[in-house]
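Enquirer: Input structure: my_file-v2.cif, which contains mmCIF, C-alpha atoms and all ligand atoms.
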data_coords
#
loop_
_atom_site.label_atom_id
_atom_site.label_comp_id
_atom_site.auth_asym_id
_atom_site.auth_seq_id
_atom_site.Cartn_x
_atom_site.Cartn_y
_atom_site.Cartn_z
CA GLU A 1 -23.80 45.69 -28.73
CA VAL A 2 -20.09 45.46 -29.15
CA LYS A 3 -19.88 49.16 -28.48
CA ASN A 4 -22.11 49.02 -25.37
CA ASN A 5 -20.28 46.14 -23.83
CA GLY A 6 -16.93 46.94 -25.31
CA LYS A 7 -15.07 47.10 -22.09
CA ASN A 8 -16.77 44.12 -20.47
CA GLY A 9 -16.41 42.18 -23.70
CA TYR A 10 -12.69 42.81 -23.69
CA GLN A 11 -12.38 41.83 -20.07
CA LEU A 12 -14.36 38.63 -20.62
CA PHE A 13 -12.16 37.63 -23.56
CA SER A 14 -9.02 38.41 -21.68
CA HIS A 15 -10.29 36.46 -18.67
CA GLU A 16 -11.00 33.44 -20.86
CA MET A 17 -7.61 33.64 -22.47
CA HIS A 18 -6.01 33.83 -19.07
CA GLN A 19 -8.02 30.84 -17.87
CA SER A 20 -7.07 28.74 -20.85
CA LEU A 21 -3.41 29.65 -20.56
CA MET A 22 -3.43 28.79 -16.86
CA HIS A 23 -5.18 25.52 -17.66
CA ARG A 24 -2.56 24.67 -20.27
CA LEU A 25 0.33 25.53 -17.97
CA GLN A 26 -1.17 23.49 -15.16
CA ILE A 27 -1.66 20.41 -17.36
CA GLU A 28 1.88 20.87 -18.65
CA ALA A 29 3.33 20.98 -15.12
CA GLU A 30 1.28 17.94 -14.11
CA LEU A 31 2.34 16.06 -17.22
CA ARG A 32 5.99 16.83 -16.49
CA GLU A 33 5.46 15.42 -13.01
CA ALA A 34 3.62 12.37 -14.32
CA LEU A 35 6.55 11.61 -16.59
CA ALA A 36 9.04 12.06 -13.73
CA LEU A 37 7.04 9.94 -11.28
CA GLY A 38 6.66 7.28 -13.91
CA ASP A 39 3.48 5.58 -12.72
CA GLN A 40 0.67 7.78 -14.09
CA LEU A 41 1.29 7.32 -17.80
CA LYS A 42 0.08 3.98 -19.14
CA LEU A 43 -0.11 2.18 -22.41
CA TYR A 44 -3.32 0.38 -23.20
CA TYR A 45 -3.39 -2.20 -25.96
CA GLN A 46 -6.10 -2.69 -28.56
CA PRO A 47 -6.15 -6.07 -30.30
CA GLN A 48 -5.91 -6.34 -34.08
CA ILE A 49 -7.78 -9.30 -35.51
CA SER A 50 -6.94 -11.23 -38.66
CA SER A 51 -9.97 -11.10 -40.95
CA SER A 52 -9.09 -14.50 -42.43
CA HIS A 53 -8.76 -16.61 -39.27
CA GLY A 54 -10.18 -14.35 -36.56
CA ASP A 55 -7.21 -14.60 -34.19
CA VAL A 56 -5.51 -11.67 -32.53
CA VAL A 57 -2.38 -10.97 -34.58
CA GLY A 58 -1.23 -7.74 -33.03
CA TYR A 59 -1.94 -4.77 -30.80
CA GLU A 60 -1.89 -1.02 -31.06
CA ALA A 61 -0.42 0.74 -28.03
CA LEU A 62 -2.58 3.71 -27.00
CA MET A 63 -1.55 6.10 -24.28
CA ARG A 64 -3.58 6.91 -21.18
CA TRP A 65 -2.90 9.23 -18.28
CA GLU A 66 -4.16 8.17 -14.89
CA HIS A 67 -4.44 11.69 -13.56
CA PRO A 68 -4.38 11.93 -9.73
CA THR A 69 -7.59 14.00 -9.57
CA LYS A 70 -9.16 14.04 -13.04
CA GLY A 71 -9.26 10.26 -13.56
CA MET A 72 -8.27 8.48 -16.74
CA LEU A 73 -7.40 10.94 -19.51
CA SER A 74 -7.36 10.11 -23.21
CA PRO A 75 -4.63 11.28 -25.60
CA TYR A 76 -7.04 13.91 -26.92
CA ASP A 77 -6.85 15.57 -23.47
CA PHE A 78 -3.06 15.83 -23.30
CA ILE A 79 -1.14 14.88 -26.46
CA HIS A 80 -1.54 18.36 -27.89
CA ILE A 81 -0.08 19.92 -24.73
CA ALA A 82 2.68 17.31 -24.74
CA GLU A 83 3.52 18.47 -28.26
CA THR A 84 3.46 22.24 -27.74
CA SER A 85 5.59 21.86 -24.58
CA GLY A 86 8.06 19.50 -26.25
CA LEU A 87 7.35 16.85 -23.57
CA ILE A 88 6.13 14.51 -26.31
CA ILE A 89 9.73 13.60 -27.10
CA ALA A 90 10.43 12.19 -23.65
CA ILE A 91 6.93 10.72 -23.36
CA GLY A 92 7.29 9.12 -26.78
CA GLU A 93 10.67 7.68 -25.82
CA TRP A 94 9.07 6.13 -22.75
CA ALA A 95 6.16 4.76 -24.81
CA LEU A 96 8.46 3.12 -27.36
CA LEU A 97 10.40 1.32 -24.64
CA GLU A 98 7.25 0.29 -22.77
CA ALA A 99 5.55 -1.02 -25.94
CA CYS A 100 8.66 -2.96 -26.95
CA LYS A 101 8.88 -4.56 -23.48
CA GLN A 102 5.25 -5.65 -23.75
CA ALA A 103 5.79 -6.88 -27.30
CA LYS A 104 8.77 -8.94 -26.21
CA THR A 105 6.62 -10.68 -23.61
CA LEU A 106 3.82 -11.28 -26.12
CA SER A 107 6.24 -12.61 -28.70
CA VAL A 108 7.13 -15.39 -26.29
CA SER A 109 3.66 -16.15 -24.89
CA HIS A 110 1.42 -15.53 -27.87
CA GLN A 111 1.59 -17.81 -30.86
CA HIS A 112 0.11 -15.54 -33.57
CA PHE A 113 1.70 -12.32 -32.39
CA THR A 114 3.08 -10.41 -35.38
CA ARG A 115 2.81 -6.73 -34.52
CA MET A 116 3.01 -4.08 -31.82
CA ALA A 117 1.93 -0.78 -33.35
CA VAL A 118 3.11 2.46 -31.75
CA ASN A 119 1.85 5.93 -32.72
CA LEU A 120 4.30 8.69 -33.53
CA SER A 121 3.07 12.25 -33.67
CA ALA A 122 4.34 14.59 -36.39
CA LEU A 123 6.59 16.34 -33.90
CA GLN A 124 8.20 13.09 -32.78
CA PHE A 125 8.65 11.90 -36.33
CA ASN A 126 10.34 15.14 -37.31
CA HIS A 127 12.59 15.29 -34.23
CA ALA A 128 16.27 14.41 -34.60
CA SER A 129 16.15 11.84 -31.77
CA ILE A 130 13.50 9.52 -33.21
CA PHE A 131 15.76 7.02 -34.95
CA ASP A 132 17.93 6.58 -31.85
CA HIS A 133 14.90 6.20 -29.60
CA VAL A 134 13.52 3.42 -31.80
CA LYS A 135 16.88 1.69 -32.09
CA THR A 136 17.53 1.92 -28.33
CA ALA A 137 14.08 0.56 -27.44
CA LEU A 138 14.66 -2.45 -29.71
CA GLU A 139 18.15 -3.07 -28.32
CA GLN A 140 17.15 -2.72 -24.67
CA THR A 141 14.29 -5.19 -25.04
CA SER A 142 15.87 -7.46 -27.68
CA LEU A 143 12.60 -7.29 -29.58
CA PRO A 144 12.92 -8.54 -33.15
CA PRO A 145 12.48 -5.28 -35.15
CA HIS A 146 9.87 -6.73 -37.53
CA LEU A 147 7.47 -7.01 -34.58
CA LEU A 148 7.41 -3.24 -34.12
CA GLU A 149 5.23 -1.15 -36.42
CA LEU A 150 5.40 2.63 -36.30
CA GLU A 151 2.16 4.45 -37.14
CA ILE A 152 2.71 7.79 -38.84
CA THR A 153 0.14 10.15 -40.27
CA GLU A 154 0.27 11.60 -43.75
CA SER A 155 0.73 15.10 -42.35
CA ALA A 156 3.87 14.05 -40.42
CA ILE A 157 5.47 12.92 -43.67
CA ILE A 158 4.31 15.86 -45.74
CA ASP A 159 5.91 18.41 -43.35
CA ASN A 160 9.31 17.63 -44.79
CA VAL A 161 9.25 15.04 -47.55
CA ASP A 162 12.99 14.89 -48.21
CA ASP A 163 13.93 14.23 -44.58
CA ALA A 164 10.98 11.87 -44.19
CA ILE A 165 12.13 9.60 -46.99
CA VAL A 166 15.66 9.39 -45.52
CA LEU A 167 14.31 8.58 -42.06
CA LEU A 168 11.77 6.04 -43.33
CA ASN A 169 14.48 4.24 -45.27
CA LYS A 170 16.73 4.16 -42.19
CA LEU A 171 13.91 2.76 -40.08
CA LYS A 172 13.12 0.22 -42.79
CA LYS A 173 16.76 -0.86 -42.85
CA LEU A 174 16.58 -1.32 -39.08
CA GLY A 175 13.79 -3.78 -39.81
CA VAL A 176 10.75 -2.09 -38.30
CA LYS A 177 7.40 -1.93 -40.10
CA LEU A 178 5.80 1.33 -41.13
CA ALA A 179 2.10 2.14 -41.27
CA ILE A 180 0.19 5.18 -42.47
CA ASP A 181 -2.41 5.97 -39.80
CA ASP A 182 -5.83 7.45 -40.61
CA PHE A 183 -5.14 6.80 -44.28
CA GLY A 184 -7.26 8.83 -46.65
CA THR A 185 -7.89 11.76 -44.34
CA GLY A 186 -4.69 13.71 -45.01
CA TYR A 187 -2.84 14.79 -48.10
CA SER A 188 -2.98 11.31 -49.57
CA SER A 189 -0.47 11.21 -52.36
CA LEU A 190 0.10 8.20 -54.56
CA ASN A 191 3.59 9.52 -55.06
CA TYR A 192 4.68 8.79 -51.52
CA LEU A 193 3.18 5.32 -51.67
CA LYS A 194 5.47 4.78 -54.64
CA ASN A 195 8.59 6.25 -53.04
CA PHE A 196 8.25 5.50 -49.34
CA PRO A 197 8.87 2.04 -47.82
CA ILE A 198 5.40 1.69 -46.27
CA ASP A 199 4.07 -1.72 -45.12
CA THR A 200 0.54 -1.03 -43.94
CA LEU A 201 -2.34 1.34 -44.63
CA LYS A 202 -4.78 1.91 -41.78
CA ILE A 203 -8.21 2.71 -43.18
CA ASP A 204 -9.54 5.63 -41.18
CA LYS A 205 -12.52 5.13 -38.90
CA SER A 206 -14.48 7.82 -40.77
CA PHE A 207 -14.70 5.50 -43.82
CA VAL A 208 -15.40 2.43 -41.70
CA ASP A 209 -18.25 4.31 -39.96
CA GLY A 210 -20.13 4.76 -43.23
CA ILE A 211 -19.11 1.57 -44.98
CA VAL A 212 -22.47 -0.19 -44.62
CA ASN A 213 -24.83 2.67 -45.45
CA ASN A 214 -22.84 5.12 -47.50
CA PRO A 215 -21.81 3.83 -50.95
CA LYS A 216 -19.09 6.47 -51.19
CA ASP A 217 -17.41 5.32 -47.96
CA ALA A 218 -17.68 1.73 -49.17
CA ALA A 219 -16.13 2.67 -52.52
CA ILE A 220 -13.24 4.49 -50.82
CA ALA A 221 -12.56 1.59 -48.43
CA ARG A 222 -12.66 -0.90 -51.31
CA THR A 223 -10.31 1.27 -53.36
CA ILE A 224 -7.81 1.61 -50.49
CA VAL A 225 -7.76 -2.18 -50.04
CA GLN A 226 -7.27 -2.72 -53.79
CA LEU A 227 -4.53 -0.11 -53.94
CA ALA A 228 -2.76 -1.77 -51.01
CA LEU A 229 -3.11 -5.22 -52.59
CA ASN A 230 -1.68 -3.95 -55.88
CA LEU A 231 1.27 -2.36 -54.11
CA GLY A 232 1.91 -5.35 -51.85
CA LEU A 233 0.87 -3.55 -48.66
CA SER A 234 -1.37 -4.81 -45.90
CA THR A 235 -4.49 -3.06 -44.61
CA ILE A 236 -6.03 -2.64 -41.21
CA ALA A 237 -9.44 -1.09 -40.66
CA GLU A 238 -9.82 1.00 -37.51
CA GLY A 239 -13.00 1.65 -35.54
CA VAL A 240 -14.88 -1.53 -36.48
CA GLU A 241 -17.97 -1.55 -34.25
CA TYR A 242 -20.54 -3.70 -36.06
CA THR A 243 -20.64 -7.22 -37.47
CA GLU A 244 -21.87 -5.84 -40.82
CA GLN A 245 -18.73 -3.70 -41.08
CA HIS A 246 -16.57 -6.71 -40.19
CA GLU A 247 -18.20 -8.87 -42.88
CA LEU A 248 -17.98 -6.20 -45.56
CA LEU A 249 -14.32 -5.45 -44.80
CA LYS A 250 -13.52 -9.15 -44.89
CA THR A 251 -15.23 -9.48 -48.27
CA MET A 252 -13.25 -6.51 -49.56
CA GLY A 253 -10.01 -8.28 -48.59
CA CYS A 254 -8.96 -6.07 -45.70
CA ASP A 255 -6.31 -8.01 -43.72
CA GLY A 256 -6.69 -6.71 -40.20
CA LEU A 257 -9.56 -5.39 -38.11
CA GLN A 258 -9.48 -3.25 -35.02
CA GLY A 259 -12.38 -1.80 -33.06
CA TYR A 260 -14.81 -2.00 -30.18
CA LEU A 261 -16.57 -4.93 -31.88
CA PHE A 262 -13.60 -7.04 -30.80
CA SER A 263 -12.18 -5.10 -27.87
CA LYS A 264 -11.55 -1.67 -26.48
CA PRO A 265 -7.93 -0.87 -25.62
CA ILE A 266 -7.07 -2.84 -22.46
CA SER A 267 -4.47 -2.47 -19.73
CA SER A 268 -1.39 -4.69 -19.83
CA ASP A 269 -2.47 -6.79 -16.85
CA LYS A 270 -5.61 -7.81 -18.79
CA LEU A 271 -3.72 -8.82 -21.93
P1 LIG A 301 -5.35 6.57 -33.57
O1 LIG A 301 -3.95 6.13 -33.61
O2 LIG A 301 -6.04 6.73 -34.87
O3 LIG A 301 -6.07 5.49 -32.66
C1 LIG A 301 -7.38 5.07 -32.82
C2 LIG A 301 -8.30 5.67 -31.78
O4 LIG A 301 -9.62 5.16 -32.00
C3 LIG A 301 -7.95 5.32 -30.34
O5 LIG A 301 -8.34 6.43 -29.54
C4 LIG A 301 -8.85 4.12 -30.07
O6 LIG A 301 -9.09 3.91 -28.69
C5 LIG A 301 -10.09 4.55 -30.81
N1 LIG A 301 -10.91 3.40 -31.23
C6 LIG A 301 -10.52 2.18 -31.56
N2 LIG A 301 -11.56 1.41 -31.93
C7 LIG A 301 -12.66 2.19 -31.83
C8 LIG A 301 -14.05 1.97 -32.08
O7 LIG A 301 -14.49 0.91 -32.47
N3 LIG A 301 -14.89 3.03 -31.86
C9 LIG A 301 -14.43 4.24 -31.43
N4 LIG A 301 -15.32 5.21 -31.24
N5 LIG A 301 -13.12 4.48 -31.20
C10 LIG A 301 -12.25 3.46 -31.40
P2 LIG A 301 -7.41 6.96 -28.37
O8 LIG A 301 -6.80 5.80 -27.63
O9 LIG A 301 -8.21 7.95 -27.58
O10 LIG A 301 -6.24 7.71 -29.13
C11 LIG A 301 -6.52 8.84 -29.90
C12 LIG A 301 -5.34 9.25 -30.74
O11 LIG A 301 -4.27 9.71 -29.91
C13 LIG A 301 -4.75 8.14 -31.57
O12 LIG A 301 -5.49 7.96 -32.76
C14 LIG A 301 -3.34 8.64 -31.79
O13 LIG A 301 -3.31 9.53 -32.87
C15 LIG A 301 -3.06 9.41 -30.52
N6 LIG A 301 -2.24 8.57 -29.62
C16 LIG A 301 -2.60 7.55 -28.81
N7 LIG A 301 -1.55 7.03 -28.16
C17 LIG A 301 -0.47 7.74 -28.57
C18 LIG A 301 0.95 7.67 -28.27
O14 LIG A 301 1.44 6.81 -27.51
N8 LIG A 301 1.74 8.58 -28.89
C19 LIG A 301 1.26 9.51 -29.77
N9 LIG A 301 2.09 10.36 -30.33
N10 LIG A 301 -0.05 9.59 -30.08
C20 LIG A 301 -0.90 8.72 -29.49
MG MG A 302 -2.87 4.80 -34.53
MG MG A 303 -5.74 5.69 -36.55
MG MG A 304 -7.80 7.80 -36.00
#
Would you write out, as structure tokens, the structure that this file holds?
Ligand code: C2E
Ligand code: MG
Ligand code: MG
Ligand code: MG
Expert:
Amino acid sequence: EVKNNGKNGYQLFSHEMHQSLMHRLQIEAELREALALGDQLKLYYQPQISSSHGDVVGYEALMRWEHPTKGMLSPYDFIHIAETSGLIIAIGEWALLEACKQAKTLSVSHQHFTRMAVNLSALQFNHASIFDHVKTALEQTSLPPHLLELEITESAIIDNVDDAIVLLNKLKKLGVKLAIDDFGTGYSSLNYLKNFPIDTLKIDKSFVDGIVNNPKDAAIARTIVQLALNLGLSTIAEGVEYTEQHELLKTMGCDGLQGYLFSKPISSDKL
């Protein structure tokens, strides 16, 4: 069959490759424009609930792109292109400033506010500008640094462990909090929990999903919480959708809860 359709097969493949390249370039150009225009990129905020008293104690900032023709796009639709094009650095700089502004407002109006969490992709974390962007965002908004938490994935750290430890210590000295996002899904190493100044472990949604019906997921979640307790770190569970998950996580001693059970990410005017 390959032989019979060899030529067509080649043309089809090449056509698809062309299409996907054109698609990528188009999104990239539109993203560049969105960043320049300044009103299409948004941060939405998902509440984090204290498992002990049930109040909102913080928010995670999650990016959205209000695309002029395609509607609201999720990070899965554009973050990858932002990374391969390098635009993520400027977009990330914007997001840090925007999240700190919002956090400053919340810190005045909201009694239990303790955290604004901002995601950093591996590329941002490993880019020379990151420390300055964080420092500048804090200075420009006069946000107390301990109210900002940077979420980093295990893979971002593992790319270059020696530089990562230097940067994490500098950020720690600045006073910001540091969280490992999607904990347990990457190259989880107890060694970096020992050596890196981490404050929070975010239990990945994949474990939370199975926590009620799959004893292995429950055992992993329980172990992460115990590990965090023993090391003096806090825990937040992501993707909590059901009351049963909430109750179980609370029993396990998980500090914070985040998920559709409480709220989807919401726009700043609805905060
Ligand atoms: P993440 O940091 O692990 O964020 C959690 C994702 O789970 C978010 O998806 C959130 O909307 C979603 N989520 C929260 N609770 C539930 C739930 O109960 N059920 C379900 N099904 N989903 C839930 P979102 O907003 O689409 O973001 C996806 C990923 O994109 C994030 O994963 C993060 O890695 C990345 N991202 C988002 N905003 C930014 C940003 O400003 N900068 C960078 N570099 N990455 C970002
Ligand atoms: Mg996150
Ligand atoms: Mg996460
Ligand atoms: Mg996740």
Enquirer: Give the centre and edge lengths of an axis-aligned box, in Å to one decimal, that holds all listed atoms of stretch 14-33 of chain A with 6 Å on each side, as AutoDock Vina command-line options.
Expert:
--center_x -2.5 --center_y 26.9 --center_z -17.7 --size_x 29.0 --size_y 35.0 --size_z 21.5
Enquirer: Taking (7.5, 14.9, -27.0) in the file's coordinates, which residues come within 12 Å, counting only C-alpha atoms, written as a JSON list (two decimals) with C-alpha atoms, in the coordinates of the input?
Expert:
[["chain", "number", "residue", "atom", "x", "y", "z"],
["A", 28, "GLU", "CA", 1.88, 20.87, -18.65],
["A", 31, "LEU", "CA", 2.34, 16.06, -17.22],
["A", 32, "ARG", "CA", 5.99, 16.83, -16.49],
["A", 35, "LEU", "CA", 6.55, 11.61, -16.59],
["A", 78, "PHE", "CA", -3.06, 15.83, -23.30],
["A", 79, "ILE", "CA", -1.14, 14.88, -26.46],
["A", 80, "HIS", "CA", -1.54, 18.36, -27.89],
["A", 81, "ILE", "CA", -0.08, 19.92, -24.73],
["A", 82, "ALA", "CA", 2.68, 17.31, -24.74],
["A", 83, "GLU", "CA", 3.52, 18.47, -28.26],
["A", 84, "THR", "CA", 3.46, 22.24, -27.74],
["A", 85, "SER", "CA", 5.59, 21.86, -24.58],
["A", 86, "GLY", "CA", 8.06, 19.50, -26.25],
["A", 87, "LEU", "CA", 7.35, 16.85, -23.57],
["A", 88, "ILE", "CA", 6.13, 14.51, -26.31],
["A", 89, "ILE", "CA", 9.73, 13.60, -27.10],
["A", 90, "ALA", "CA", 10.43, 12.19, -23.65],
["A", 91, "ILE", "CA", 6.93, 10.72, -23.36],
["A", 92, "GLY", "CA", 7.29, 9.12, -26.78],
["A", 93, "GLU", "CA", 10.67, 7.68, -25.82],
["A", 94, "TRP", "CA", 9.07, 6.13, -22.75],
["A", 95, "ALA", "CA", 6.16, 4.76, -24.81],
["A", 96, "LEU", "CA", 8.46, 3.12, -27.36],
["A", 120, "LEU", "CA", 4.30, 8.69, -33.53],
["A", 121, "SER", "CA", 3.07, 12.25, -33.67],
["A", 122, "ALA", "CA", 4.34, 14.59, -36.39],
["A", 123, "LEU", "CA", 6.59, 16.34, -33.90],
["A", 124, "GLN", "CA", 8.20, 13.09, -32.78],
["A", 125, "PHE", "CA", 8.65, 11.90, -36.33],
["A", 126, "ASN", "CA", 10.34, 15.14, -37.31],
["A", 127, "HIS", "CA", 12.59, 15.29, -34.23],
["A", 128, "ALA", "CA", 16.27, 14.41, -34.60],
["A", 129, "SER", "CA", 16.15, 11.84, -31.77],
["A", 130, "ILE", "CA", 13.50, 9.52, -33.21],
["A", 133, "HIS", "CA", 14.90, 6.20, -29.60]]
Enquirer: Any idea what the distance is between atom CA of A:Cys254 and atom CA of A:Val118?
Expert: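 One can read the atom CA of A:Cys254 to atom CA of A:Val118 distance as 20.3 Å.
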Enquirer: Which residues of chain A come within 10 Å of ligand MG 302 (chain A), and for each one, what is the closest pair of atoms and their distance in Å to one decimal, counting all atoms listed in the file, sorted by chain and residue number, as a Markdown table?
Expert:
| residue | atom | partner | partner_atom | distance |
| --- | --- | --- | --- | --- |
| A:Glu60 | CA | A:MG302 | MG | 6.8 |
| A:Ala61 | CA | A:MG302 | MG | 8.0 |
| A:Leu62 | CA | A:MG302 | MG | 7.6 |
| A:Ala117 | CA | A:MG302 | MG | 7.5 |
| A:Val118 | CA | A:MG302 | MG | 7.0 |
| A:Asn119 | CA | A:MG302 | MG | 5.2 |
| A:Leu120 | CA | A:MG302 | MG | 8.2 |
| A:Ser121 | CA | A:MG302 | MG | 9.6 |
| A:Leu150 | CA | A:MG302 | MG | 8.7 |
| A:Glu151 | CA | A:MG302 | MG | 5.7 |
| A:Ile152 | CA | A:MG302 | MG | 7.7 |
| A:Thr153 | CA | A:MG302 | MG | 8.4 |
| A:Ala179 | CA | A:MG302 | MG | 8.8 |
| A:Ile180 | CA | A:MG302 | MG | 8.5 |
| A:Asp181 | CA | A:MG302 | MG | 5.4 |
| A:Asp182 | CA | A:MG302 | MG | 7.3 |
| A:Lys202 | CA | A:MG302 | MG | 8.0 |
| A:Asp204 | CA | A:MG302 | MG | 9.5 |
| A:Glu238 | CA | A:MG302 | MG | 8.5 |
Enquirer: Would you pick out the contacts of A:Ala103 at 12 Å or less, using all atoms listed in the file, so that residues sharing its chain but fewer than 4 positions from it are not included, and give the list as a ChimeraX atom specification?
Expert: /A:43,45,57-61,95-99,107-110,113-118,137-138,141-149,268,271
Enquirer: Measuring atom to atom with all atoms listed in the file, identify which of A:Ile165, A:Ile224, A:Ile203, A:Leu21 is nearest to ligand MG 304 (chain A).
Expert: A:Ile203
Enquirer: Measuring atom to atom with only C-alpha atoms, identify which of A:Gly54, A:Arg222, A:Gln40, A:Ser234 is nearest to A:Gly71.
Expert: A:Gln40
Enquirer: Please compute the atom CA of A:Phe207-atom CA of A:Gln48 distance, one decimal, in Å.
Expert: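 According to the coordinates, atom CA of A:Phe207 and atom CA of A:Gln48 are separated by 17.7 Å.
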Enquirer: Please compute the atom CA of A:Met22-atom CA of A:His67 distance, one decimal, in Å.
Expert: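 One can read the atom CA of A:Met22 to atom CA of A:His67 distance as 17.4 Å.
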Enquirer: For ligand MG 303 (chain A), which residue out of A:Asn169, A:Thr185, A:Thr136, A:Thr69 is the nearest one, using all atoms listed in the file?
Expert: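 Among A:Asn169, A:Thr185, A:Thr136, A:Thr69, it is A:Thr185 that comes nearest to ligand MG 303 (chain A).
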Enquirer: Determine the nearest neighbour of A:Lys264 from the options A:Ser52, A:Gln46, A:Thr105, A:Thr223, counting only C-alpha atoms.
Expert: A:Gln46
Enquirer: Rank A:Asp55, A:Glu33, A:Asp159, A:Glu154 by their smallest atom-to-atom distance to A:Phe183, using all atoms listed in the file, and report the top residue only.
Expert: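 Looking at the shortest contact to A:Phe183, the residue is A:Glu154.
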Enquirer: Which is closest to ligand MG 303 (chain A) among A:Gly210, A:Gly239, A:Gly256, A:Gly232, if we use only C-alpha atoms and all ligand atoms?
Expert: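 Checking each of A:Gly210, A:Gly239, A:Gly256, A:Gly232 against ligand MG 303 (chain A), counting only C-alpha atoms and all ligand atoms, the winner is A:Gly239.
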Enquirer: Near A:Ser263, counting all atoms listed in the file, which residues have an atom at most 8 Å away, once you skip same-chain residues fewer than 4 positions from it, shown as a PyMOL selection string?
Expert: chain A and resi 46-47+258-259
Enquirer: Would you list the residues near (-6.8, 8.5, -22.8), meaning any protein, DNA or RNA residue with an atom at most 7 Å from that point in file coordinates, counting all atoms listed in the file, as a list in words?
Expert: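 The distance filter leaves exactly Met63, Arg64, Trp65, Met72, Leu73, Ser74, Pro75 and Tyr76 of chain A.
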Enquirer: Keeping C-alpha atoms, export the residues of the selection given above as a PDB file, in the coordinates of the input.
Expert:
ATOM      1  CA  MET A  63      -1.550   6.100 -24.280  1.00  0.00           C
ATOM      2  CA  ARG A  64      -3.580   6.910 -21.180  1.00  0.00           C
ATOM      3  CA  TRP A  65      -2.900   9.230 -18.280  1.00  0.00           C
ATOM      4  CA  MET A  72      -8.270   8.480 -16.740  1.00  0.00           C
ATOM      5  CA  LEU A  73      -7.400  10.940 -19.510  1.00  0.00           C
ATOM      6  CA  SER A  74      -7.360  10.110 -23.210  1.00  0.00           C
ATOM      7  CA  PRO A  75      -4.630  11.280 -25.600  1.00  0.00           C
ATOM      8  CA  TYR A  76      -7.040  13.910 -26.920  1.00  0.00           C
TER       9      TYR A  76
END
Enquirer: Can you pull out every residue within 10 Å of A:Leu261, counting all atoms listed in the file, but drop anything in the same chain fewer than 5 positions away, and send it as a list in words?
Expert: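 In the requested format, the answer is Gly239, Val240, Glu241, Tyr242, Thr243, Gln245 and His246 of chain A.
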Enquirer: For A:Lys70, work out the shell of residues within 12 Å, counting all atoms listed in the file and skipping chain neighbours fewer than 6 positions away, then give it as a list of chain:residue names.
Expert: A:Ile27, A:Glu30, A:Gln40, A:Asp77
Enquirer: Which residues are near stretch 170-175 of chain A? Cut-off 7 Å, all atoms listed in the file, ignore same chain within fewer than 2 positions. Put them as a list in words.
Expert: Phe131, Pro145, His146, Val166, Leu167, Leu168, Lys177 and Pro197 of chain A
